[in-house]
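Quick look at query25.txt (compact mmCIF, C-alpha atoms):
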# COMPACT_ATOMS: atom_id res chain seq x y z
CA MET A 241 52.42 116.27 64.84
CA GLU A 242 54.01 119.67 65.30
CA CYS A 243 52.45 121.83 68.00
CA LYS A 244 52.64 125.48 67.03
CA ARG A 245 53.04 127.77 70.02
CA ARG A 246 51.85 131.35 70.14
CA VAL A 247 51.56 134.15 72.67
CA VAL A 248 48.09 135.17 73.83
CA LEU A 249 47.58 138.07 76.26
CA ALA A 250 44.33 137.82 78.21
CA PRO A 251 42.80 139.72 81.15
CA ARG A 252 43.82 138.42 84.57
CA GLN A 253 40.23 137.34 85.32
CA GLN A 254 40.38 134.81 82.46
CA SER A 255 43.91 133.60 83.23
CA GLY A 256 43.99 129.82 83.51
CA LYS A 257 40.39 129.42 82.36
CA THR A 258 39.25 127.39 79.38
CA LEU A 259 38.00 129.73 76.68
CA GLN A 260 35.90 128.69 73.70
CA GLN A 261 36.67 130.31 70.36
CA LEU A 262 33.75 131.75 68.39
CA ARG A 263 33.56 133.12 64.87
CA LEU A 264 31.06 135.97 64.99
CA PRO A 265 30.30 138.86 62.62
CA ASN A 266 32.10 142.08 63.42
CA PRO A 267 29.41 144.55 64.59
CA ARG A 268 30.69 147.26 62.24
CA THR A 269 31.82 145.41 59.10
CA SER A 270 29.77 142.17 59.38
CA GLU A 271 32.94 140.23 58.51
CA LEU A 272 33.65 137.15 60.61
CA GLY A 273 35.99 137.92 63.47
CA SER A 274 37.62 135.89 66.20
CA TYR A 275 36.14 136.03 69.69
CA TYR A 276 36.63 133.95 72.82
CA VAL A 277 33.98 133.28 75.42
CA ASP A 278 34.32 132.40 79.07
CA VAL A 279 31.11 130.36 79.23
CA GLU A 280 31.08 130.18 83.03
CA ALA A 281 31.40 133.95 83.55
CA GLU A 282 29.60 134.80 80.28
CA THR A 283 32.40 137.15 79.25
CA ILE A 284 33.11 137.85 75.58
CA LEU A 285 36.68 138.67 74.54
CA GLU A 286 37.64 140.15 71.20
CA ALA A 287 40.85 138.79 69.67
CA VAL A 288 43.19 141.29 68.00
CA ARG A 289 46.40 140.02 66.42
CA VAL A 290 49.50 142.21 66.51
CA ASP A 291 51.62 140.96 63.61
CA MET A 292 55.35 141.13 64.39
CA LYS A 293 56.45 138.14 62.34
CA ASP A 294 60.11 138.28 61.21
CA LYS A 295 60.64 141.38 63.38
CA ARG A 296 60.97 139.92 66.86
CA SER A 297 60.80 136.66 68.82
CA TRP A 298 59.43 135.54 72.17
CA LEU A 299 61.31 133.79 74.97
CA VAL A 300 58.72 131.99 77.10
CA GLY A 301 60.06 129.69 79.79
CA ASN A 302 62.28 127.18 78.02
CA TRP A 303 60.79 127.96 74.64
CA ALA A 304 61.94 130.33 71.91
CA ILE A 305 59.08 131.30 69.60
CA SER A 306 60.35 132.71 66.33
CA ASP A 307 57.03 134.38 65.45
CA GLY A 308 57.04 137.50 67.61
CA SER A 309 53.36 138.21 66.95
CA ALA A 310 50.81 138.22 69.76
CA THR A 311 47.06 137.87 70.09
CA ILE A 312 45.49 140.29 72.56
CA LEU A 313 42.15 139.37 74.11
CA SER A 314 40.15 142.31 75.41
CA ALA A 315 36.65 142.35 76.88
CA VAL A 316 33.94 143.70 74.60
CA ASP A 317 30.32 144.44 75.43
CA PRO A 318 28.43 141.52 73.83
CA LEU A 319 25.46 143.79 73.19
CA PHE A 320 27.37 145.28 70.25
CA VAL A 321 27.49 141.80 68.69
CA TYR A 322 23.81 141.24 69.52
CA LEU A 323 22.90 144.56 67.94
CA GLY A 324 24.72 143.65 64.74
CA LEU A 325 23.07 140.22 64.50
CA LEU A 326 19.56 141.42 65.35
CA THR A 327 19.80 144.42 63.02
CA ARG A 328 20.70 142.10 60.18
CA ALA A 329 17.76 139.80 60.95
CA SER A 330 15.14 142.31 62.09
CA MET A 331 15.49 145.25 59.67
CA SER A 332 12.87 145.08 56.93
CA GLY A 333 13.25 148.56 55.50
CA ASP A 334 14.54 152.02 56.25
CA SER A 335 14.00 152.26 60.02
CA GLU A 336 11.36 149.52 59.81
CA TRP A 337 11.70 146.45 61.99
CA ARG A 338 10.04 143.04 62.00
CA PHE A 339 9.72 140.49 64.78
CA VAL A 340 12.09 137.52 64.61
CA ASP A 341 12.45 134.32 66.60
CA ILE A 342 16.06 134.16 67.81
CA ASP A 343 15.88 130.40 68.25
CA ASN A 344 14.94 129.96 64.60
CA MET A 345 17.51 132.40 63.22
CA LEU A 346 19.97 129.54 62.76
CA LEU A 347 17.51 127.81 60.43
CA GLU A 348 17.46 130.81 58.11
CA SER A 349 20.07 131.56 55.50
CA HIS A 350 22.86 133.83 56.75
CA ALA A 351 25.77 134.04 54.36
CA GLY A 352 29.11 134.12 56.08
CA MET A 353 27.72 133.07 59.48
CA ASP A 354 29.12 130.31 61.66
CA ALA A 355 25.99 128.58 62.94
CA GLU A 356 27.66 126.82 65.87
CA SER A 357 29.25 130.04 67.13
CA VAL A 358 25.94 131.89 66.92
CA ARG A 359 24.20 129.02 68.73
CA VAL A 360 26.70 129.19 71.60
CA PHE A 361 26.49 132.98 71.71
CA PHE A 362 22.66 133.08 71.78
CA GLY A 363 22.73 130.32 74.40
CA LEU A 364 24.37 132.48 77.08
CA PRO A 365 21.32 133.25 79.27
CA ILE A 366 22.53 136.29 81.23
CA ILE A 367 23.82 138.08 78.13
CA ARG A 368 20.67 137.18 76.22
CA ALA A 369 18.34 138.53 78.91
CA ARG A 370 20.33 141.78 79.11
CA ALA A 371 20.34 142.19 75.33
CA LEU A 372 16.59 141.67 74.94
CA GLU A 373 15.82 144.08 77.78
CA THR A 374 18.22 146.76 76.53
CA LEU A 375 17.76 146.58 72.75
CA CYS A 376 14.43 144.97 71.91
CA VAL A 377 10.68 144.85 72.06
CA VAL A 378 9.79 141.36 73.33
CA ARG A 379 6.52 139.60 72.56
CA ARG A 380 5.59 136.16 73.92
CA ILE A 381 3.62 134.14 71.35
CA SER A 382 3.27 131.00 73.42
CA SER A 383 4.75 129.38 76.52
CA ASP A 384 7.87 128.37 74.60
CA THR A 385 7.99 130.94 71.76
CA VAL A 386 9.24 134.49 72.13
CA VAL A 387 9.76 136.89 69.24
CA VAL A 388 11.74 140.13 69.37
CA LYS A 389 12.47 143.14 67.23
CA ILE A 390 14.82 146.08 67.54
CA ASP A 391 13.54 149.04 69.55
CA ALA A 392 15.40 152.00 68.05
CA ASP A 393 14.63 154.29 71.00
CA LYS A 394 16.07 151.76 73.44
CA VAL A 395 19.17 151.31 71.31
CA VAL A 396 19.81 155.06 71.05
CA ALA A 397 19.30 155.49 74.80
CA TRP A 398 21.81 152.68 75.45
CA LEU A 399 24.33 154.27 73.08
CA ARG A 400 23.90 157.63 74.80
CA ARG A 401 24.68 156.01 78.15
CA LYS A 402 27.82 154.58 76.59
CA CYS A 403 28.92 157.98 75.29
CA GLU A 404 28.10 159.92 78.43
CA ARG A 405 29.80 157.66 80.95
CA SER A 406 32.30 159.50 83.13
CA GLY A 407 36.01 159.35 82.42
CA GLY A 408 39.04 161.43 81.61
CA LEU A 409 40.00 162.95 78.29
CA SER A 410 42.68 161.37 76.17
CA PRO A 411 45.95 163.36 76.14
CA ALA A 412 45.41 164.26 72.46
CA VAL A 413 42.04 165.92 73.12
CA ALA A 414 43.03 167.42 76.46
CA SER A 415 46.01 169.16 74.83
CA LEU A 416 43.71 170.86 72.32
CA LEU A 417 41.42 172.36 74.94
CA SER A 418 42.39 175.77 76.21
CA GLY A 419 43.66 175.97 79.76
CA ASP A 420 40.58 177.86 80.88
CA ALA A 421 38.09 175.46 79.29
CA THR A 422 34.93 175.14 81.33
CA GLY A 423 33.69 171.90 82.81
CA GLY A 424 30.94 171.87 80.19
CA GLN A 425 33.45 172.14 77.34
CA ALA A 426 35.52 169.29 78.75
CA ALA A 427 32.41 167.14 79.24
CA ASN A 428 31.29 167.87 75.69
CA ALA A 429 34.69 166.93 74.30
CA ARG A 430 34.74 163.74 76.39
CA THR A 431 31.26 162.75 75.18
CA ARG A 432 32.21 163.22 71.54
CA GLU A 433 35.45 161.33 72.01
CA MET A 434 33.46 158.44 73.49
CA ALA A 435 31.03 158.63 70.57
CA LEU A 436 33.94 158.12 68.19
CA LEU A 437 35.11 155.11 70.17
CA VAL A 438 31.62 153.59 70.29
CA SER A 439 31.18 154.13 66.53
CA GLU A 440 34.00 151.64 65.91
CA TYR A 441 31.58 148.92 67.06
CA LEU A 442 28.55 150.09 65.08
CA SER A 443 27.28 149.80 61.55
CA GLU A 444 26.94 153.00 59.57
CA TYR A 445 23.18 153.05 60.25
CA TRP A 446 23.57 153.06 64.04
CA THR A 447 26.58 155.37 63.90
CA ALA A 448 24.46 157.95 62.09
CA ARG A 449 21.59 157.55 64.58
CA MET A 450 23.95 157.97 67.53
CA LEU A 451 25.89 160.93 66.13
CA ALA A 452 22.67 162.77 65.30
CA GLU A 453 22.10 162.96 69.06
CA TYR A 454 25.25 165.08 69.37
CA GLY A 455 25.09 167.14 66.19
CA GLY A 456 27.32 164.82 64.20
CA SER A 457 27.11 162.91 60.94
CA VAL A 458 28.88 160.28 58.90
CA GLY A 459 30.59 161.41 55.71
CA ASP A 460 32.77 159.95 52.99
CA GLY A 461 36.29 159.72 54.34
CA GLY A 462 37.84 158.71 51.02
CA GLY A 463 38.12 155.00 51.67
CA GLY A 464 36.76 154.91 55.21
CA LYS A 465 34.09 156.18 57.57
CA MET A 466 34.54 159.83 58.46
CA VAL A 467 32.82 161.22 61.54
CA VAL A 468 32.16 164.96 61.61
CA PHE A 469 30.58 167.07 64.32
CA ASP A 470 29.04 170.48 63.85
CA ALA A 471 31.00 173.60 64.81
CA PRO A 472 32.46 174.75 67.09
CA GLU A 473 33.91 171.28 67.82
CA SER A 474 34.66 168.74 65.14
CA TYR A 475 36.30 165.30 65.02
CA VAL A 476 37.43 163.54 61.88
CA GLN A 477 38.49 159.87 61.65
CA GLY A 478 38.85 159.61 65.42
CA VAL A 479 41.37 162.46 65.59
CA ALA A 480 40.43 165.80 67.08
CA ASN A 481 41.08 168.53 64.55
CA SER A 482 42.07 172.14 65.09
CA LYS A 483 38.48 173.29 65.55
CA ILE A 484 38.17 171.79 69.04
CA PRO A 485 39.60 174.71 71.04
CA ALA A 486 37.06 177.11 69.55
CA LYS A 487 37.27 179.43 72.54
CA GLN A 488 41.01 179.47 72.21
CA GLN A 489 40.85 180.22 68.46
CA GLN A 490 38.24 182.93 68.74
CA GLN A 491 39.89 184.60 71.66
CA GLN A 492 41.59 187.83 70.56
CA GLU A 493 45.19 188.44 71.45
CA LYS A 494 45.58 190.10 74.82
CA PRO A 495 46.95 193.65 74.69
CA ARG A 496 50.67 193.78 75.50
CA THR A 497 51.85 195.60 78.59
CA ALA A 498 54.24 198.56 78.45
CA LYS A 499 57.07 196.34 79.69
CA GLU A 500 56.43 193.77 76.95
CA LYS A 501 56.45 196.52 74.32
CA GLN A 502 59.72 197.89 75.72
CA LEU A 503 61.38 194.46 75.63
CA GLU A 504 60.17 193.88 72.07
CA LYS A 505 61.57 197.25 70.97
CA ALA A 506 64.92 196.52 72.62
CA ALA A 507 65.06 193.10 70.97
CA LYS A 508 64.67 194.64 67.51
CA LYS A 509 67.64 196.94 68.13
CA SER A 510 69.85 194.14 69.45
CA LYS A 511 72.33 192.45 67.16
CA SER A 512 71.84 188.82 66.39
CA ILE A 513 74.35 186.41 67.89
CA THR A 514 75.70 185.53 64.44
CA SER A 515 76.81 189.13 63.88
CA PHE A 516 79.65 188.66 66.41
CA PHE A 517 81.32 186.05 64.23
CA GLN A 518 83.16 186.84 61.02
CA LYS A 519 82.06 185.02 57.93
CA LYS A 520 84.59 182.42 56.84
CA ALA A 521 86.33 183.30 53.61
CA ALA A 522 85.84 180.91 50.75
CA ALA A 523 88.76 178.59 50.07
CA PRO A 524 90.93 179.70 47.10
Go ahead and render the structure in this file as structure tokens.
Amino acid sequence: MECKRRVVLAPRQQSGKTLQQLRLPNPRTSELGSYYVDVEAETILEAVRVDMKDKRSWLVGNWAISDGSATILSAVDPLFVYLGLLTRASMSGDSEWRFVDIDNMLLESHAGMDAESVRVFFGLPIIRARALETLCVVRRISSDTVVVKIDADKVVAWLRRKCERSGGLSPAVASLLSGDATGGQAANARTREMALLVSEYLSEYWTARMLAEYGGSVGDGGGGKMVVFDAPESYVQGVANSKIPAKQQQQQEKPRTAKEKQLEKAAKKSKSITSFFQKKAAAP
């Protein structure tokens, strides 16, 4: 039997460990995605495939792999996956939530779900305890039965902590801020940039709830989710638009000094460099 080799890039902490593959719903799209779990460390890794087939090859040890594609495993907060699963099971109406028994969720009908993967995922005790404490209202019915439902206030508070964590601005956003931007402006831009990143792991419902905390909304992006913030700063589709440096745009031009005016006047009287060269005659 042919053994197909492929290149997988994983964090150093998981190097050499046995990882179990799971098929879990994507928190944003609900489509099944590929994840890997380090059961011992209770770490969830998201698998992203970079398709380079027919464009490059890999040389690994004594092997030449013709398919130059690679699968990149990157750590993802499992609470995003929990939030997607519990929202699907617990929402009973517009912002209305019902209690559900996580242990019995596998017995219910969930189209497109991989029951074994969900069983393994819900069976990770440390992640489960953190998810219930951070996202849910927990009610104990009996010694061996616990039901939970989404606590929207807890979820929003958790998302705010995600958005407001400290960190530097991306080069794209930093370049759009004026040089004399205040610390508050930089912090505001950083928070909104983080909100855009976090929204990639949220359904439209939770994206709207989170963005409302920062004066933002979700609009129709013509084939995709479009995130818009109120003036003076605004982001669209994860790219900072020209409204970000509001202070820079609104700032009036500084008055020119007498020396600058003199140089500008002299420049207008000067001949252009092309005037020193004769125009070539057209060939007869």
*Neighbours of stretch 431-441 of chain A within 6 Å (all atoms listed in the file; same-chain residues fewer than 4 positions away dropped), as a list of chain:residue names?*
A:Pro267, A:Arg268, A:Cys403, A:Glu404, A:Thr447, A:Gly478
Those same residues - C-alpha atoms - I'd like them written as a short mmCIF file (atom, residue, chain, number, x, y, z; two decimals), in the coordinates of the input.
data_model
loop_
_atom_site.label_atom_id
_atom_site.label_comp_id
_atom_site.auth_asym_id
_atom_site.auth_seq_id
_atom_site.Cartn_x
_atom_site.Cartn_y
_atom_site.Cartn_z
CA PRO A 267 29.41 144.55 64.59
CA ARG A 268 30.69 147.26 62.24
CA CYS A 403 28.92 157.98 75.29
CA GLU A 404 28.10 159.92 78.43
CA THR A 447 26.58 155.37 63.90
CA GLY A 478 38.85 159.61 65.42
#
*asked:* List as a list in words the protein and nucleic acid residues near A:Thr269, meaning an atom at most 10 Å away when only C-alpha atoms are counted, but skip any in the same chain fewer than 3 places from it.
replied: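 Once the adjacent positions are removed, what remains is Pro265, Asn266, Leu272, Gly273, Gly324, Glu440, Tyr441, Leu442, Ser443 and Glu444 of chain A.
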Hey, can you spit out that residue selection with C-alpha atoms as an mmCIF file, in the coordinates of the input?
data_model
loop_
_atom_site.group_PDB
_atom_site.id
_atom_site.type_symbol
_atom_site.label_atom_id
_atom_site.label_comp_id
_atom_site.auth_asym_id
_atom_site.auth_seq_id
_atom_site.Cartn_x
_atom_site.Cartn_y
_atom_site.Cartn_z
ATOM 1 C CA PRO A 265 30.300 138.860 62.620
ATOM 2 C CA ASN A 266 32.100 142.080 63.420
ATOM 3 C CA LEU A 272 33.650 137.150 60.610
ATOM 4 C CA GLY A 273 35.990 137.920 63.470
ATOM 5 C CA GLY A 324 24.720 143.650 64.740
ATOM 6 C CA GLU A 440 34.000 151.640 65.910
ATOM 7 C CA TYR A 441 31.580 148.920 67.060
ATOM 8 C CA LEU A 442 28.550 150.090 65.080
ATOM 9 C CA SER A 443 27.280 149.800 61.550
ATOM 10 C CA GLU A 444 26.940 153.000 59.570
#
*Answer as a list in words, residues within 9 Å of (33.8, 140.1, 68.0) using all atoms listed in the file*: Leu262, Arg263, Leu264, Pro265, Asn266, Pro267, Leu272, Gly273, Ser274, Tyr275, Tyr276, Ile284, Leu285, Glu286, Ala287, Val316, Pro318, Phe320 and Val321 of chain A
*To one decimal in Å, tell me the separation between atom CA of A:Val395 and atom CA of A:Ala250.*
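Spanning atom CA of A:Val395 to atom CA of A:Ala250 is a straight-line distance of 29.4 Å.
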*Quick one: distance from atom CA of A:Pro365 to atom CA of A:Thr327 in Å, one decimal?*
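Going from atom CA of A:Pro365 over to atom CA of A:Thr327, I get 19.8 Å.
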*Point out the residue among A:Glu373, A:Asp334, A:Glu271, A:Glu453 with the least atom-to-atom distance to A:Arg400, counting all atoms listed in the file.*
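Looking only at the distances to A:Arg400, the closest residue turns out to be A:Glu453.
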*asked:* One decimal, in Å: what's the spacing between atom CA of A:Ser306 and atom CA of A:Lys244?
replied: 10.6 Å
_Between A:Met353, A:Val386, A:Val358, A:Leu326, which residue has the minimum interatomic distance to A:Asp341, considering all atoms listed in the file?_
A:Val386
*Distance query A:Val360 at most 10 Å, all atoms listed in the file, self and fewer than 2 positions along chain excluded, as an NGL selection string*: :A and (260 or 262 or 277 or 279 or 355-358 or 362-364)
For C-alpha atoms, I'd like the residues from the last selection saved as a PDB file, in the coordinates of the input.
ATOM      1  CA  GLN A 260      35.900 128.690  73.700  1.00  0.00           C
ATOM      2  CA  LEU A 262      33.750 131.750  68.390  1.00  0.00           C
ATOM      3  CA  VAL A 277      33.980 133.280  75.420  1.00  0.00           C
ATOM      4  CA  VAL A 279      31.110 130.360  79.230  1.00  0.00           C
ATOM      5  CA  ALA A 355      25.990 128.580  62.940  1.00  0.00           C
ATOM      6  CA  GLU A 356      27.660 126.820  65.870  1.00  0.00           C
ATOM      7  CA  SER A 357      29.250 130.040  67.130  1.00  0.00           C
ATOM      8  CA  VAL A 358      25.940 131.890  66.920  1.00  0.00           C
ATOM      9  CA  PHE A 362      22.660 133.080  71.780  1.00  0.00           C
ATOM     10  CA  GLY A 363      22.730 130.320  74.400  1.00  0.00           C
ATOM     11  CA  LEU A 364      24.370 132.480  77.080  1.00  0.00           C
TER      12      LEU A 364
END
*Counting only C-alpha atoms, which of A:Asp343, A:Asp391, A:Glu282, A:Asp307 gets nearest to A:Val247?*
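For A:Val247, the nearest of the candidates is A:Asp307.
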_Selected residue of minimal separation from A:Ser314 among A:Met331, A:Leu249, A:Ala371, A:Ile390, counting only C-alpha atoms_ =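 Under the stated criterion, the closest residue is A:Leu249.
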_My list of candidates is A:Thr374, A:Gln253, A:Thr385, A:Asn428. Which is closest to A:Ala315 when distances are computed with only C-alpha atoms?_
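With only C-alpha atoms as the atom set, the closest residue is A:Gln253.
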*asked:* From the options A:Arg449, A:Leu319, A:Arg405, A:Val378, which residue's atoms come nearest to A:Arg430, counting all atoms listed in the file?
replied: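 Under the stated criterion, the closest residue is A:Arg405.
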*Contacts of A:Ala304 at 12 Å or less, counting all atoms listed in the file, minus same-chain residues fewer than 5 places along, as a ChimeraX atom specification?*
/A:244-247,296-299
Would you output that residue set with C-alpha atoms, as a PDB file, keeping the file's coordinate frame?
ATOM      1  CA  LYS A 244      52.640 125.480  67.030  1.00  0.00           C
ATOM      2  CA  ARG A 245      53.040 127.770  70.020  1.00  0.00           C
ATOM      3  CA  ARG A 246      51.850 131.350  70.140  1.00  0.00           C
ATOM      4  CA  VAL A 247      51.560 134.150  72.670  1.00  0.00           C
ATOM      5  CA  ARG A 296      60.970 139.920  66.860  1.00  0.00           C
ATOM      6  CA  SER A 297      60.800 136.660  68.820  1.00  0.00           C
ATOM      7  CA  TRP A 298      59.430 135.540  72.170  1.00  0.00           C
ATOM      8  CA  LEU A 299      61.310 133.790  74.970  1.00  0.00           C
TER       9      LEU A 299
END
